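This is entry-v8.txt (compact mmCIF, C-alpha atoms).
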```txt
# COMPACT_ATOMS: atom_id res chain seq x y z
CA MET A 1 32.15 46.07 -59.43
CA SER A 2 28.52 45.18 -58.76
CA ASP A 3 25.99 45.06 -61.61
CA MET A 4 23.06 45.23 -59.20
CA SER A 5 20.87 48.30 -58.71
CA PRO A 6 21.62 50.37 -55.59
CA ASN A 7 17.99 49.77 -54.57
CA ASP A 8 18.27 45.99 -54.67
CA PRO A 9 18.24 44.37 -51.21
CA PRO A 10 21.41 42.49 -50.21
CA TRP A 11 21.38 38.97 -51.58
CA LEU A 12 24.20 37.72 -49.32
CA THR A 13 23.59 37.44 -45.59
CA LEU A 14 26.36 36.62 -43.12
CA ILE A 15 25.11 35.35 -39.78
CA GLY A 16 27.35 34.82 -36.78
CA ILE A 17 26.39 31.82 -34.69
CA GLY A 18 27.75 30.78 -31.33
CA GLU A 19 27.99 27.50 -29.45
CA ASP A 20 24.50 28.10 -28.06
CA GLY A 21 23.07 27.62 -31.56
CA PRO A 22 19.58 28.99 -32.31
CA GLU A 23 19.10 30.06 -28.69
CA GLY A 24 21.64 32.81 -29.19
CA LEU A 25 20.12 34.08 -32.45
CA GLY A 26 17.62 36.88 -32.80
CA ASP A 27 14.29 36.49 -34.60
CA GLU A 28 15.59 38.14 -37.78
CA ALA A 29 18.57 35.80 -38.04
CA LYS A 30 16.35 32.77 -37.50
CA ARG A 31 13.88 33.96 -40.14
CA LEU A 32 16.61 34.51 -42.72
CA ILE A 33 18.11 31.06 -42.15
CA VAL A 34 14.71 29.37 -42.42
CA ALA A 35 13.89 31.22 -45.65
CA ALA A 36 17.28 30.79 -47.34
CA PRO A 37 17.30 28.44 -50.35
CA ALA A 38 21.09 28.01 -49.91
CA VAL A 39 23.07 27.94 -46.66
CA PHE A 40 26.86 27.84 -46.62
CA GLY A 41 29.08 27.14 -43.61
CA GLY A 42 31.24 24.64 -41.83
CA ALA A 43 29.86 21.26 -40.79
CA ARG A 44 29.78 22.51 -37.18
CA HIS A 45 27.76 25.56 -38.20
CA HIS A 46 25.23 23.39 -40.00
CA ASP A 47 24.91 21.18 -36.93
CA LEU A 48 24.37 24.20 -34.68
CA ALA A 49 21.63 25.61 -36.94
CA ASP A 50 20.23 22.24 -37.99
CA ALA A 51 16.68 22.87 -36.75
CA LEU A 52 16.42 26.09 -38.77
CA ILE A 53 17.85 25.06 -42.15
CA SER A 54 15.30 24.11 -44.79
CA GLY A 55 17.29 25.02 -47.91
CA GLU A 56 20.23 23.28 -49.57
CA ARG A 57 23.34 22.95 -47.41
CA PHE A 58 26.83 23.63 -48.71
CA THR A 59 29.81 22.73 -46.53
CA TRP A 60 33.09 24.59 -46.99
CA GLN A 61 35.30 23.03 -49.64
CA SER A 62 39.06 22.78 -49.87
CA PRO A 63 40.51 24.93 -51.25
CA PHE A 64 38.14 27.56 -49.88
CA GLU A 65 38.13 29.41 -53.22
CA LYS A 66 35.78 26.72 -54.56
CA SER A 67 33.16 27.73 -52.00
CA VAL A 68 33.65 31.40 -52.83
CA GLU A 69 33.01 30.60 -56.50
CA ALA A 70 29.88 28.64 -55.57
CA ILE A 71 28.55 31.60 -53.56
CA LEU A 72 29.31 34.07 -56.35
CA ALA A 73 27.53 31.81 -58.84
CA ARG A 74 24.32 32.47 -56.85
CA ARG A 75 24.70 36.25 -56.94
CA GLY A 76 21.29 37.91 -56.98
CA THR A 77 19.49 35.05 -55.21
CA PRO A 78 19.26 34.78 -51.40
CA VAL A 79 22.29 33.10 -49.83
CA VAL A 80 23.03 32.73 -46.12
CA VAL A 81 26.55 32.13 -44.85
CA LEU A 82 26.97 30.90 -41.29
CA ALA A 83 30.12 31.93 -39.48
CA SER A 84 31.62 31.70 -36.01
CA GLY A 85 30.95 34.80 -33.93
CA ASP A 86 31.79 38.01 -35.79
CA PRO A 87 32.27 37.22 -39.52
CA PHE A 88 34.50 40.28 -39.94
CA LEU A 89 36.97 39.47 -37.17
CA TYR A 90 39.41 36.94 -38.67
CA GLY A 91 36.35 35.44 -40.37
CA VAL A 92 34.76 34.61 -43.69
CA GLY A 93 33.44 38.15 -44.05
CA ALA A 94 36.91 39.48 -44.75
CA THR A 95 37.33 37.00 -47.62
CA LEU A 96 33.90 37.49 -49.17
CA SER A 97 34.10 41.29 -49.00
CA ARG A 98 36.98 41.13 -51.47
CA HIS A 99 34.56 39.70 -54.04
CA VAL A 100 31.20 41.20 -53.08
CA ALA A 101 30.38 44.91 -52.68
CA ALA A 102 29.39 46.08 -49.21
CA GLU A 103 25.88 47.07 -50.36
CA GLU A 104 25.27 43.45 -51.43
CA ILE A 105 26.04 42.07 -47.96
CA TYR A 106 23.88 42.09 -44.84
CA THR A 107 25.62 40.96 -41.66
CA ILE A 108 24.24 39.90 -38.29
CA PRO A 109 27.29 39.31 -36.08
CA ALA A 110 27.45 37.38 -32.84
CA PRO A 111 30.00 37.97 -30.06
CA SER A 112 33.46 36.91 -31.19
CA ALA A 113 35.53 34.38 -29.27
CA PHE A 114 37.74 37.29 -28.19
CA SER A 115 34.72 39.22 -26.85
CA LEU A 116 33.44 36.20 -24.96
CA ALA A 117 36.87 35.47 -23.49
CA ALA A 118 37.37 39.08 -22.42
CA SER A 119 33.96 39.11 -20.75
CA ARG A 120 34.73 35.94 -18.80
CA LEU A 121 38.09 37.27 -17.61
CA GLY A 122 37.11 40.89 -17.08
CA TRP A 123 39.81 42.08 -19.49
CA PRO A 124 39.13 45.35 -21.38
CA LEU A 125 39.49 44.45 -25.04
CA GLN A 126 41.02 47.82 -25.93
CA GLU A 127 43.90 47.02 -23.57
CA THR A 128 44.34 43.42 -24.74
CA ALA A 129 46.24 42.09 -27.77
CA CYS A 130 44.02 39.79 -29.85
CA VAL A 131 45.93 37.38 -32.07
CA SER A 132 44.45 34.67 -34.28
CA LEU A 133 46.68 31.61 -34.50
CA HIS A 134 43.95 29.59 -36.18
CA GLY A 135 45.59 28.10 -39.26
CA ARG A 136 48.51 30.48 -38.75
CA PRO A 137 52.06 30.07 -37.38
CA TYR A 138 52.23 30.30 -33.60
CA ASP A 139 55.32 32.47 -34.00
CA LEU A 140 52.94 35.37 -34.70
CA VAL A 141 52.48 35.82 -30.95
CA ARG A 142 56.17 36.65 -30.38
CA PRO A 143 56.06 40.45 -30.97
CA HIS A 144 53.33 40.74 -28.33
CA LEU A 145 55.29 39.00 -25.57
CA HIS A 146 56.07 41.80 -23.10
CA ALA A 147 55.98 41.70 -19.31
CA ASN A 148 52.51 42.36 -17.87
CA ARG A 149 50.92 42.19 -21.34
CA ARG A 150 47.52 40.53 -21.69
CA ILE A 151 47.02 38.53 -24.87
CA LEU A 152 44.08 36.56 -26.22
CA THR A 153 44.98 33.94 -28.82
CA LEU A 154 42.58 31.90 -30.93
CA THR A 155 44.16 28.49 -31.59
CA SER A 156 43.65 25.88 -34.29
CA ASP A 157 42.82 22.78 -32.24
CA GLU A 158 43.21 20.88 -28.98
CA LYS A 159 47.00 20.83 -29.41
CA GLY A 160 47.26 24.61 -29.63
CA PRO A 161 47.49 25.43 -25.90
CA GLN A 162 50.34 22.97 -25.38
CA THR A 163 52.21 24.33 -28.42
CA LEU A 164 51.76 27.86 -27.13
CA ALA A 165 52.95 26.90 -23.64
CA GLU A 166 56.10 25.33 -25.08
CA LEU A 167 56.88 28.44 -27.13
CA LEU A 168 56.44 30.64 -24.05
CA ALA A 169 58.58 28.45 -21.81
CA ALA A 170 61.38 28.23 -24.39
CA ASN A 171 61.63 32.03 -24.63
CA GLY A 172 61.69 33.02 -20.97
CA PHE A 173 57.97 33.29 -20.26
CA ALA A 174 57.48 30.05 -18.31
CA GLY A 175 55.78 31.90 -15.43
CA THR A 176 53.03 33.25 -17.70
CA ARG A 177 49.54 32.41 -16.48
CA LEU A 178 47.85 30.55 -19.33
CA THR A 179 44.06 30.24 -19.20
CA VAL A 180 42.32 27.94 -21.65
CA LEU A 181 38.71 28.90 -22.39
CA GLU A 182 36.89 26.09 -24.20
CA ALA A 183 33.67 26.05 -26.24
CA LEU A 184 32.71 29.53 -25.05
CA GLY A 185 29.02 30.32 -25.00
CA GLY A 186 27.81 26.73 -25.15
CA LYS A 187 26.88 23.92 -22.78
CA ARG A 188 30.43 22.52 -22.94
CA GLU A 189 32.05 25.78 -21.83
CA ARG A 190 34.99 25.27 -19.49
CA ILE A 191 37.72 27.57 -18.18
CA ARG A 192 40.99 26.29 -16.70
CA SER A 193 44.29 27.93 -15.79
CA THR A 194 47.89 26.83 -15.41
CA THR A 195 51.33 28.26 -16.12
CA ALA A 196 53.25 27.91 -19.37
CA GLY A 197 56.17 26.17 -17.68
CA ASN A 198 53.98 23.66 -15.86
CA PHE A 199 51.31 23.09 -18.47
CA ASP A 200 49.29 20.09 -17.35
CA LEU A 201 45.85 20.44 -18.94
CA ALA A 202 44.43 17.47 -20.83
CA ASP A 203 41.26 16.64 -22.75
CA ILE A 204 41.13 20.12 -24.28
CA ASP A 205 38.25 21.02 -26.59
CA PRO A 206 39.39 21.82 -30.16
CA LEU A 207 37.43 25.10 -29.90
CA ASN A 208 39.52 27.11 -27.51
CA VAL A 209 40.96 30.52 -26.79
CA CYS A 210 44.13 30.93 -24.74
CA ALA A 211 44.49 33.94 -22.49
CA LEU A 212 48.05 34.92 -21.57
CA ASP A 213 48.87 37.07 -18.57
CA VAL A 214 52.52 37.47 -19.47
CA ILE A 215 55.27 37.05 -16.87
CA ALA A 216 58.79 37.59 -18.22
CA ALA A 217 61.83 36.07 -16.51
CA PRO A 218 65.18 37.90 -16.60
CA GLY A 219 66.66 37.41 -20.06
CA ALA A 220 63.31 36.65 -21.72
CA ARG A 221 63.24 37.24 -25.46
CA ILE A 222 61.34 40.53 -25.59
CA LEU A 223 61.22 42.42 -28.88
CA PRO A 224 61.27 46.17 -28.09
CA TYR A 225 58.87 48.42 -29.99
CA VAL A 226 61.63 50.61 -31.44
CA CYS A 227 63.74 49.95 -34.53
CA GLY A 228 67.41 49.10 -34.19
CA LEU A 229 67.03 45.86 -32.23
CA ASP A 230 70.05 44.33 -30.53
CA ASP A 231 72.25 42.44 -32.99
CA ASP A 232 72.41 39.50 -30.60
CA LEU A 233 68.70 38.85 -31.08
CA PHE A 234 69.46 37.85 -34.68
CA GLU A 235 71.19 34.73 -35.86
CA HIS A 236 73.92 35.93 -38.22
CA ASP A 237 77.40 35.22 -39.56
CA GLY A 238 78.56 38.82 -39.35
CA GLN A 239 76.63 39.79 -42.48
CA ILE A 240 74.14 42.04 -40.70
CA THR A 241 73.27 45.72 -40.79
CA LYS A 242 74.37 46.74 -37.29
CA ARG A 243 71.74 48.10 -34.94
CA GLU A 244 72.69 51.79 -35.12
CA ILE A 245 72.96 51.73 -38.91
CA ARG A 246 69.77 49.69 -39.09
CA ALA A 247 67.86 52.28 -37.07
CA VAL A 248 69.01 55.06 -39.40
CA THR A 249 68.24 52.89 -42.43
CA LEU A 250 64.68 52.12 -41.32
CA SER A 251 64.13 55.80 -40.62
CA ALA A 252 65.26 56.55 -44.19
CA LEU A 253 63.01 53.81 -45.61
CA ALA A 254 60.06 55.41 -43.75
CA PRO A 255 57.59 52.48 -43.79
CA ARG A 256 53.94 53.32 -44.39
CA HIS A 257 50.77 51.28 -44.07
CA GLY A 258 50.46 48.33 -46.45
CA GLU A 259 53.78 48.81 -48.21
CA LEU A 260 56.10 46.20 -49.72
CA LEU A 261 59.89 46.28 -49.24
CA TRP A 262 62.50 44.56 -51.36
CA ASP A 263 65.52 43.75 -49.17
CA ILE A 264 68.24 43.02 -51.75
CA GLY A 265 71.31 41.21 -50.42
CA ALA A 266 69.38 40.54 -47.24
CA GLY A 267 72.18 38.80 -45.29
CA SER A 268 70.51 38.01 -41.96
CA GLY A 269 67.22 39.64 -42.98
CA SER A 270 67.41 42.18 -40.16
CA VAL A 271 66.19 45.23 -42.10
CA GLY A 272 63.31 43.42 -43.77
CA ILE A 273 62.29 41.82 -40.48
CA GLU A 274 62.25 45.11 -38.59
CA TRP A 275 60.32 46.70 -41.47
CA MET A 276 57.57 44.11 -40.91
CA LEU A 277 57.63 44.53 -37.14
CA ALA A 278 56.73 48.21 -37.58
CA ASP A 279 53.14 47.31 -38.55
CA PRO A 280 51.23 44.07 -39.37
CA SER A 281 50.25 45.45 -42.78
CA LEU A 282 53.87 45.69 -43.99
CA ARG A 283 55.44 43.05 -46.24
CA THR A 284 59.00 42.13 -47.19
CA ILE A 285 60.57 40.16 -50.00
CA ALA A 286 64.11 39.24 -48.94
CA ILE A 287 66.47 38.47 -51.83
CA GLU A 288 69.59 36.49 -50.93
CA GLN A 289 71.92 34.45 -53.13
CA SER A 290 73.53 32.33 -50.37
CA PRO A 291 71.47 29.21 -49.52
CA GLU A 292 72.93 29.17 -46.01
CA ARG A 293 72.01 32.80 -45.38
CA ALA A 294 68.58 32.33 -46.95
CA ALA A 295 67.86 29.53 -44.48
CA ARG A 296 69.10 31.78 -41.67
CA ILE A 297 66.74 34.57 -42.79
CA ALA A 298 63.79 32.15 -42.62
CA ARG A 299 64.75 31.13 -39.07
CA ASN A 300 65.14 34.75 -38.01
CA ALA A 301 61.77 35.68 -39.51
CA ALA A 302 60.11 32.92 -37.47
CA THR A 303 61.79 33.83 -34.19
CA PHE A 304 60.86 37.50 -34.65
CA GLY A 305 57.22 36.64 -35.24
CA VAL A 306 57.09 37.54 -38.95
CA PRO A 307 57.14 34.08 -40.57
CA GLN A 308 55.17 35.45 -43.53
CA LEU A 309 58.30 37.21 -44.81
CA ALA A 310 58.78 36.11 -48.43
CA LEU A 311 62.19 34.75 -49.38
CA VAL A 312 63.66 34.65 -52.88
CA GLU A 313 66.91 32.72 -53.18
CA GLY A 314 69.15 33.69 -56.08
CA VAL A 315 71.27 36.41 -57.65
CA ALA A 316 69.87 39.88 -58.28
CA PRO A 317 68.85 41.29 -60.64
CA ALA A 318 67.91 38.04 -62.41
CA VAL A 319 65.62 36.78 -59.63
CA THR A 320 63.78 40.09 -59.25
CA ALA A 321 62.04 39.75 -62.62
CA GLY A 322 58.32 39.19 -62.13
CA LEU A 323 58.25 40.11 -58.44
CA PRO A 324 55.52 42.50 -57.24
CA ALA A 325 56.58 46.14 -57.59
CA PRO A 326 57.98 47.47 -54.30
CA ASP A 327 57.10 50.67 -52.47
CA ALA A 328 60.60 50.77 -51.01
CA ILE A 329 63.90 49.04 -51.67
CA PHE A 330 66.88 48.50 -49.42
CA ILE A 331 70.17 47.44 -50.99
CA GLY A 332 72.51 46.17 -48.34
CA GLY A 333 74.63 43.80 -50.36
CA GLY A 334 75.53 43.26 -54.00
CA GLY A 335 74.62 46.80 -55.03
CA SER A 336 77.87 47.24 -56.93
CA GLU A 337 77.15 44.22 -59.14
CA ALA A 338 76.21 44.92 -62.75
CA GLY A 339 72.55 45.72 -63.30
CA VAL A 340 71.42 45.59 -59.66
CA MET A 341 70.94 49.32 -59.15
CA ASP A 342 69.33 49.87 -62.56
CA ALA A 343 66.89 46.99 -62.05
CA ALA A 344 65.95 48.24 -58.58
CA ILE A 345 65.30 51.77 -59.82
CA ALA A 346 63.22 50.47 -62.73
CA ALA A 347 61.11 48.25 -60.46
CA LEU A 348 60.42 50.88 -57.79
CA LYS A 349 56.94 52.39 -57.79
CA PRO A 350 56.57 56.14 -58.40
CA ALA A 351 57.17 58.04 -55.13
CA GLY A 352 58.90 54.93 -53.79
CA ARG A 353 62.03 55.20 -51.63
CA LEU A 354 65.36 53.55 -52.37
CA VAL A 355 67.99 53.34 -49.63
CA ALA A 356 71.40 51.83 -50.36
CA ASN A 357 74.25 51.38 -47.89
CA GLY A 358 77.88 50.97 -48.88
CA VAL A 359 80.99 50.10 -46.84
CA THR A 360 83.32 49.23 -49.70
CA LEU A 361 84.99 51.77 -51.99
CA GLU A 362 83.39 50.07 -54.98
CA MET A 363 79.86 50.46 -53.56
CA GLU A 364 80.60 54.01 -52.44
CA ALA A 365 81.64 54.86 -55.99
CA VAL A 366 78.32 53.53 -57.27
CA LEU A 367 76.40 55.61 -54.73
CA LEU A 368 78.35 58.76 -55.52
CA ALA A 369 77.66 58.28 -59.22
CA GLU A 370 73.94 57.67 -58.65
CA HIS A 371 73.72 60.75 -56.45
CA ALA A 372 75.45 62.86 -59.10
CA ALA A 373 73.13 61.57 -61.80
CA ARG A 374 69.81 61.38 -59.98
CA GLY A 375 70.02 63.53 -56.87
CA GLY A 376 68.66 62.37 -53.53
CA SER A 377 70.66 62.62 -50.33
CA LEU A 378 74.02 61.23 -49.24
CA THR A 379 74.90 60.56 -45.61
CA LYS A 380 78.10 59.31 -44.05
CA ILE A 381 77.42 57.32 -40.88
CA GLU A 382 80.32 56.66 -38.52
CA ILE A 383 79.98 54.73 -35.27
CA ALA A 384 82.60 54.16 -32.59
CA ARG A 385 82.23 51.81 -29.63
CA ALA A 386 84.18 51.77 -26.39
CA ALA A 387 86.60 48.82 -26.25
CA PRO A 388 89.56 47.73 -24.12
CA VAL A 389 92.90 49.33 -24.95
CA GLY A 390 95.47 47.61 -22.82
CA GLY A 391 94.29 48.14 -19.25
CA MET A 392 92.12 51.07 -20.22
CA SER A 393 89.33 51.80 -22.70
CA GLY A 394 89.17 53.70 -25.95
CA TRP A 395 86.98 54.30 -28.96
CA ARG A 396 87.14 51.64 -31.65
CA PRO A 397 85.54 52.93 -34.87
CA ALA A 398 83.42 50.67 -37.02
CA MET A 399 83.70 50.84 -40.81
CA PRO A 400 81.95 54.01 -41.99
CA VAL A 401 78.77 53.56 -44.02
CA THR A 402 77.79 55.71 -46.98
CA GLN A 403 74.02 55.86 -47.38
CA TRP A 404 72.19 57.09 -50.47
CA ARG A 405 68.46 57.83 -50.22
CA TRP A 406 66.46 58.59 -53.34
CA ILE A 407 62.75 59.06 -54.06
CA LYS A 408 61.47 58.10 -57.49
CA GLU A 409 59.39 60.73 -59.26
```
Step by step, read the file and then write its structure as structure tokens.
Amino acid sequence: MSDMSPNDPPWLTLIGIGEDGPEGLGDEAKRLIVAAPAVFGGARHHDLADALISGERFTWQSPFEKSVEAILARRGTPVVVLASGDPFLYGVGATLSRHVAAEEIYTIPAPSAFSLAASRLGWPLQETACVSLHGRPYDLVRPHLHANRRILTLTSDEKGPQTLAELLAANGFAGTRLTVLEALGGKRERIRSTTAGNFDLADIDPLNVCALDVIAAPGARILPYVCGLDDDLFEHDGQITKREIRAVTLSALAPRHGELLWDIGAGSGSVGIEWMLADPSLRTIAIEQSPERAARIARNAATFGVPQLALVEGVAPAVTAGLPAPDAIFIGGGGSEAGVMDAAIAALKPAGRLVANGVTLEMEAVLLAEHAARGGSLTKIEIARAAPVGGMSGWRPAMPVTQWRWIKE
């Protein structure tokens, strides 16, 4: 909450600056920088605006929270923050807006690296995936890798394009045209193209954007947009919610924007991973007692482009104490163990959904009892797959699954 009057002018000014420095700034931005008693930004930003800065300079500290505290300590006095391009597109604006009310901030954005790259290539931004890999795992690009997809990726440094090319080539996208756009908007701007499988660019500027015009070879690892992904895409030891059951389960979990899922007895992590693939705002905490399976979940999360999946290794319900309250819970394993169901129900937020699957008689008994006591819905899911029978084919049924879905009031 702000303690300033609604009529007070904003004390915090965010100014986007490009590689062209003061030449790319308007008169208002220049005036505000000159007049500011305190200017925050990266060393590069200070160098770009050097001729304009007359106040005290503050370079970003590590951890960044120290700089945030230093800015907040000057609340009510003029402060200018210099940022790359658009401060609210993967920039410092997003961080500061969590601490400072909108009416206390005045922003003068510059074109983002994505905007500059799109303008150089003639790519409509609304038809292009924009992914920041700056300080983030490169696996985040994986869900976007579809044939004929155009992707703009902001990398961390001069090694980023090579890392990206290797990831593409290793997953069946070696033919992808990879364009490296360096130091966009400045005197050092350079644009070069190659293919992921024959990446041969050297002397790359640390400030770069990679543009991918995706070419997929037969068998490329493409993650379809629907739930119920092929089991073979996952690394597993047989402990996996099969694709048909998984599709029904995710439908029952009904993910909504910004929600957190607990995946208890996560096995391969398939349900929690697909939950996160539904929308970038979704989060999962996977709870798994087997160290081997926990390691497998982490590998699966990376190869599905959701490396931010949180993993808790240990036995439920003991390890669930203190975890953030979930909006939804899936119990795929261990639900018949003492205390697991009660702890899950207690932890679930009001209006949260709980979905539990059972294949054993013991787990089915638990689900029947919970349904009798609490209500909700019960579903029996039976799947049969065609398989050889002698020289012919026949239906081979999988173990039936009992599913209980309950909404907490």
* Counting all atoms listed in the file, select every polymer residue within 9 Å of (62.8, 43.5, -59.1) as defined in the file's coordinates, and provide the selection as a ChimeraX atom specification. => /A:262,316-326,340,343-348
Would you save the residues of that selection, restricted to C-alpha atoms, as a PDB file, in the frame of the given file?
```pdb
ATOM      1  CA  TRP A 262      62.500  44.560 -51.360  1.00  0.00           C
ATOM      2  CA  ALA A 316      69.870  39.880 -58.280  1.00  0.00           C
ATOM      3  CA  PRO A 317      68.850  41.290 -60.640  1.00  0.00           C
ATOM      4  CA  ALA A 318      67.910  38.040 -62.410  1.00  0.00           C
ATOM      5  CA  VAL A 319      65.620  36.780 -59.630  1.00  0.00           C
ATOM      6  CA  THR A 320      63.780  40.090 -59.250  1.00  0.00           C
ATOM      7  CA  ALA A 321      62.040  39.750 -62.620  1.00  0.00           C
ATOM      8  CA  GLY A 322      58.320  39.190 -62.130  1.00  0.00           C
ATOM      9  CA  LEU A 323      58.250  40.110 -58.440  1.00  0.00           C
ATOM     10  CA  PRO A 324      55.520  42.500 -57.240  1.00  0.00           C
ATOM     11  CA  ALA A 325      56.580  46.140 -57.590  1.00  0.00           C
ATOM     12  CA  PRO A 326      57.980  47.470 -54.300  1.00  0.00           C
ATOM     13  CA  VAL A 340      71.420  45.590 -59.660  1.00  0.00           C
ATOM     14  CA  ALA A 343      66.890  46.990 -62.050  1.00  0.00           C
ATOM     15  CA  ALA A 344      65.950  48.240 -58.580  1.00  0.00           C
ATOM     16  CA  ILE A 345      65.300  51.770 -59.820  1.00  0.00           C
ATOM     17  CA  ALA A 346      63.220  50.470 -62.730  1.00  0.00           C
ATOM     18  CA  ALA A 347      61.110  48.250 -60.460  1.00  0.00           C
ATOM     19  CA  LEU A 348      60.420  50.880 -57.790  1.00  0.00           C
TER      20      LEU A 348
END
```
Using all atoms listed in the file, collect all residues at a distance of at most 12 Å from (23.3, 33.9, -57.2) as written in the file, then present them as a CSV table (one decimal) with C-alpha atoms, keeping the file's coordinate frame.
```csv
chain,number,residue,atom,x,y,z
A,4,MET,CA,23.1,45.2,-59.2
A,10,PRO,CA,21.4,42.5,-50.2
A,11,TRP,CA,21.4,39.0,-51.6
A,12,LEU,CA,24.2,37.7,-49.3
A,36,ALA,CA,17.3,30.8,-47.3
A,37,PRO,CA,17.3,28.4,-50.4
A,38,ALA,CA,21.1,28.0,-49.9
A,68,VAL,CA,33.6,31.4,-52.8
A,69,GLU,CA,33.0,30.6,-56.5
A,70,ALA,CA,29.9,28.6,-55.6
A,71,ILE,CA,28.6,31.6,-53.6
A,72,LEU,CA,29.3,34.1,-56.4
A,73,ALA,CA,27.5,31.8,-58.8
A,74,ARG,CA,24.3,32.5,-56.8
A,75,ARG,CA,24.7,36.2,-56.9
A,76,GLY,CA,21.3,37.9,-57.0
A,77,THR,CA,19.5,35.0,-55.2
A,78,PRO,CA,19.3,34.8,-51.4
A,79,VAL,CA,22.3,33.1,-49.8
A,80,VAL,CA,23.0,32.7,-46.1
A,100,VAL,CA,31.2,41.2,-53.1
A,104,GLU,CA,25.3,43.4,-51.4
```
Hey, which bits of stretch 290-337 of chain A sit within 9 Å of stretch 133-138 of chain A, and for each residue what's the closest pair of atoms and how far apart in Å (one decimal), counting all atoms listed in the file, rows by chain and increasing number, as JSON lines?
```
{"residue": "A:Ala302", "atom": "CA", "partner": "A:Pro137", "partner_atom": "CA", "distance": 8.5}
{"residue": "A:Gly305", "atom": "CA", "partner": "A:Tyr138", "partner_atom": "CA", "distance": 8.2}
{"residue": "A:Pro307", "atom": "CA", "partner": "A:Pro137", "partner_atom": "CA", "distance": 7.2}
{"residue": "A:Gln308", "atom": "CA", "partner": "A:Pro137", "partner_atom": "CA", "distance": 8.7}
```
Give me a file of those residues, with C-alpha atoms, as an mmCIF file, in the coordinates of the input.
```cif
data_model
loop_
_atom_site.group_PDB
_atom_site.id
_atom_site.type_symbol
_atom_site.label_atom_id
_atom_site.label_comp_id
_atom_site.auth_asym_id
_atom_site.auth_seq_id
_atom_site.Cartn_x
_atom_site.Cartn_y
_atom_site.Cartn_z
ATOM 1 C CA ALA A 302 60.110 32.920 -37.470
ATOM 2 C CA GLY A 305 57.220 36.640 -35.240
ATOM 3 C CA PRO A 307 57.140 34.080 -40.570
ATOM 4 C CA GLN A 308 55.170 35.450 -43.530
#
```
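Candidate residues A:Arg31, A:Phe304, A:Leu152, A:Gly228 were compared for distance to A:Glu244, and the nearest is A:Gly228, using only C-alpha atoms.
Across A:Ala220, A:Leu52, A:Leu121, A:Leu368, the tightest approach to A:Leu178 is made by A:Leu121 when counting all atoms listed in the file.
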* Between A:Ser336, A:Thr195, A:Ser84, A:Gln289, which has the minimum distance to A:Val315 (counting all atoms listed in the file)? -> A:Gln289
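Taking atom CA of A:Arg188 and atom CA of A:Thr13 as the two end points, the separation is 28.0 Å.
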Using all atoms listed in the file, find each residue of stretch 123-225 of chain A with at least one atom at most 10 Å away from an atom of stretch 269-279 of chain A; report its shortest atom-to-atom pair and that distance in Å (one decimal), sort the rows by chain and rising residue number, and return the result as CSV.
```
residue,atom,partner,partner_atom,distance
A:Pro143,CA,A:Leu277,CA,7.6
A:Leu223,CA,A:Leu277,CA,9.3
A:Pro224,CA,A:Leu277,CA,9.9
A:Tyr225,CA,A:Ala278,CA,7.9
```
* So which one's closest to A:Asp213, A:Val401, A:Ile240, A:Ala183, A:Ala174? Using all atoms listed in the file, please. -> A:Ala174
* Asked: Hey, what's within 6 Å of stretch 406-408 of chain A if we count all atoms listed in the file and toss same-chain stuff fewer than 2 positions away? As a PyMOL selection string, please?
  -> chain A and resi 350-354+376
* To do: Identify, on the basis of all atoms listed in the file, every residue whose closest approach to A:Leu207 does not exceed 9 Å; exclude the query and any residue fewer than 3 positions from it along the same chain; express the result as a ChimeraX atom specification.
  => /A:154-158,181-184,204
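Closest to A:Asp86 among A:Ala372, A:Ala387, A:Cys227, A:Ala113 is A:Ala113, based on all atoms listed in the file.
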